[in-house]
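*Asks:* Below is one structure. I have some questions about it.
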Amino acid sequence: MRISFNRMEWAGSVGDLGALLPLAFAMIMINGLSATGLFLTVGLFYILGGMYYRTPIAVQPMKVIAAYAIAQALSADVITASGMIIAVFLLFLGLTGIVKQAARIIPLPVIRGVQLSTGILLILKGIDLVLGKSSLQVLRGAVEPFLSFQSVGSVPLSIVIGLVFAVVVFFLRNSKRFPAGLIVVGSGAFLGILLGAWQGLSELQFGFHLPEIMPFGIPSGEAFSFALLALVLPQVPMTLGNAVIANRNLSHEYFGEESRRVTDRALCISMGIANGFSALVGGMPVCHGAGGLAAHYRFGARTNGANIIIGSLFVVLAIGFGAGSVKVLQLIPMGVLGVLLFFSGSQLALTARDMRSYPKLIVLISMLGITLISNLAWAFGAGIILSALIAKVKVS
């Protein structure tokens with residue numbers, strides 16, 4: 001097992017913060033989730049998952065659940081119920097091996113369609129963060145909700161920050177001496193301090209904070225039924241398509257034989273365990289995402305060292321600062337997170353460049369269109385059906 005803690009691993013370790021932090025912030029502030037439980041789950045999932053898989057992995061919010069929960073301001077007990085249900089479901093798929101049978105019928109163009117569609121969604125979300133149009137920014141009524149001012153003249157501050165850091169990432173994208181991810185996150189946090197985010201740190205006290213067990217109580221039957229219908233069922237196809245099958249495919253493409261432990265069955269089991277723990281401590285539903293893996297890889301992660309670095313940081317934040325840990329992470333401006341998300345999405349979208357024949361392009365373009373009009377879950381199902389039809393009809 002290769003493991004390294006060099007500057008590239010440090011840079012790669014923070015590459016996925018653009019996807020993780022905005023949704024985590026929103027679910028803590030809007031849905032009332034436990035910051036301690038949420039960040040402890042993320043940290044432990046990174047460390048333990050990475051130790052098992054022995055290659056870089058990603059830890060992300062389950063985006064369908066997170067987006068709907070934030071938009072509807074759902075209560076924490078409903079989100080806890082969704083985490084419990086999806087934990088049981090994923091453990092069932094993994095322990096029985098059913099997921100292996102399901103994965104065999106998924107053609108490569110569909111996997112590439114999931115990766116392309118997810119990449120484009122990440123690019124669009126990154127642009128939203130830079131423009132100040134993400135759900136968190138809209139709800140807080142500010143393009144940089146944690147900074148002291150919001151514009152430079154008539155130009156929104158998030159756009160100014162985004163453009164500056166996009167140039168930095170572009171010129172440092174292949175630099176090993178000055179890794180883009182490390183420079184962007186470090187200088188972004190320093191800029192956040194200069195622009196007023198330090199005020200949130202004034203009340204912090206380092207200590208020893210363990211998460212409360214079942215902080216929102218045992219969810220009611222009504223919470224379970226609502227979570228199943230509104231959150232879990234729409235999430236499952238996206239999880240299987242992106243966090244299991246596409247993630248496994250991408251890991252094997254990046255790391256070859258080193259990623260032999262990254263299997264569909266193992267991914268289901270690790271996500272099931274993580275979601276069971278997260279629900280127990282008041283955190284959010286989490287997954288391994290292909291987009292997150294592309295982000296870590298794009299900014300330099302090549303070994304399990306990246307997992308240990310970012311995981312340890314989250315564990316120290318959660319246990320050391322408890323509920324105040326969110327204040328530390330708010331030092332990074334939204335514009336910086338948007339730039340990270342944009343380049344991460346670009347890396348993932350490029351994995352579809354080997355799909356050059358006309359039938360394969362039909363599947364890719366159709367899935368992307370359905371994703372943009374509806375959602376990735378519908379696109380995943382449509383891609384499977386379309387691939388089967390194309391296989392039966394000769395397409396010149």
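Residue numbering restarts at 1 for every chain of the structure tokens, chains are lettered A, B, ... in their displayed order, and ligands are numbered from 1 as they appear.
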Pick out the residues sitting within 9 Å of stretch 66-68 of chain A, and hand them over as a list in words; count only C-alpha atoms, and ignore anything fewer than 4 positions along from it in its own chain.
*Replies:*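 The residues satisfying every condition are Leu23, Ala24, Ala26, Met27, Pro61, Met62, Gln72, Ala73, Leu74, Ile79, Ser135, Ala230, Leu231, Met284 and Pro285 of chain A.
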*Asks:* Near stretch 347-353 of chain A, counting only C-alpha atoms, which residues have an atom at most 10 Å away, once you skip same-chain residues fewer than 3 positions from it, shown as a ChimeraX atom specification?
*Replies:* /A:108-109,111-123,250,253,290-299,341-344,356,360-361,364
*Asks:* Have a look at A:Ile362, A:Ala227, A:Leu129, A:Leu317 and name the one nearest to A:Ile161; count only C-alpha atoms.
*Replies:*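 The closest residue to A:Ile161 is A:Leu129.
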*Asks:* May I have the residues within 9 Å of A:Pro234 as a list of chain:residue names, using only C-alpha atoms and disregarding those fewer than 5 positions away in the same chain?
*Replies:* A:Val64, A:Ile65, A:Leu228, A:Leu229, A:Ala377, A:Trp378
*Asks:* Pull the closest atom pair for each residue of stretch 254-276 of chain A that gets at most 9 Å from stretch 37-48 of chain A, along with the distance in Å to one decimal, counting only C-alpha atoms, ordering rows by chain and then ascending residue number, as a Markdown table.
*Replies:*
```
| residue | atom | partner | partner_atom | distance |
| --- | --- | --- | --- | --- |
| A:Ser270 | CA | A:Phe45 | CA | 8.4 |
| A:Met271 | CA | A:Phe45 | CA | 8.6 |
| A:Ala274 | CA | A:Phe45 | CA | 6.4 |
| A:Asn275 | CA | A:Thr41 | CA | 8.5 |
```
*Asks:* Taking 3 positions as the minimum chain separation for residues in the same chain, which residues sit within 10 Å of stretch 300-312 of chain A when counting only C-alpha atoms? Answer as a ChimeraX atom specification.
*Replies:* /A:1-17,39-59,173-176,179-182,254-255,258,293-297,315-318
*Asks:* Find the residues around A:Gln205 up to 9 Å (only C-alpha atoms counted), leave out those fewer than 4 positions away in its own chain, and share them as a ChimeraX atom specification.
*Replies:* /A:201,320-321,324
*Asks:* Deliver the residues from the most recent selection as a file, using N, CA and C atoms, as a short mmCIF file (atom, residue, chain, number, x, y, z; two decimals), in the first residue's frame.
*Replies:*
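Below is the file part28.cif, written as the result:
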```
data_model
loop_
_atom_site.label_atom_id
_atom_site.label_comp_id
_atom_site.auth_asym_id
_atom_site.auth_seq_id
_atom_site.Cartn_x
_atom_site.Cartn_y
_atom_site.Cartn_z
N LEU A 201 -14.68 33.49 14.83
CA LEU A 201 -13.76 32.69 15.63
C LEU A 201 -13.59 33.22 17.05
N GLY A 320 -12.49 18.94 18.64
CA GLY A 320 -11.85 20.07 19.30
C GLY A 320 -12.75 21.28 19.48
N PHE A 321 -13.63 21.54 18.50
CA PHE A 321 -14.45 22.76 18.55
C PHE A 321 -15.95 22.47 18.62
N GLY A 324 -18.81 24.72 17.16
CA GLY A 324 -18.10 25.86 16.60
C GLY A 324 -17.23 25.50 15.40
#
```
*Asks:* Would you mind telling me which residue in A:Ala223, A:Val286, A:Cys268, A:Val184 lies nearest to A:Pro333 when using only C-alpha atoms?
*Replies:*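 Counting only C-alpha atoms, the residue closest to A:Pro333 is A:Val184.
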*Asks:* So which residues of stretch 81-326 of chain A fall under alpha helix (DSSP H) by DSSP, listed as a ChimeraX atom specification?
*Replies:* /A:81-96,98-104,108-131,135-140,157-172,180-194,221-227,233-238,247-255,264-280,290-298,305-321,325-326
*Asks:* Out of A:Val185, A:Val160, A:Leu194, A:Val236, which residue has the shortest atom-to-atom distance to A:Gly18 when counting only C-alpha atoms?
*Replies:*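 Closest to A:Gly18 of all the choices is A:Val185.
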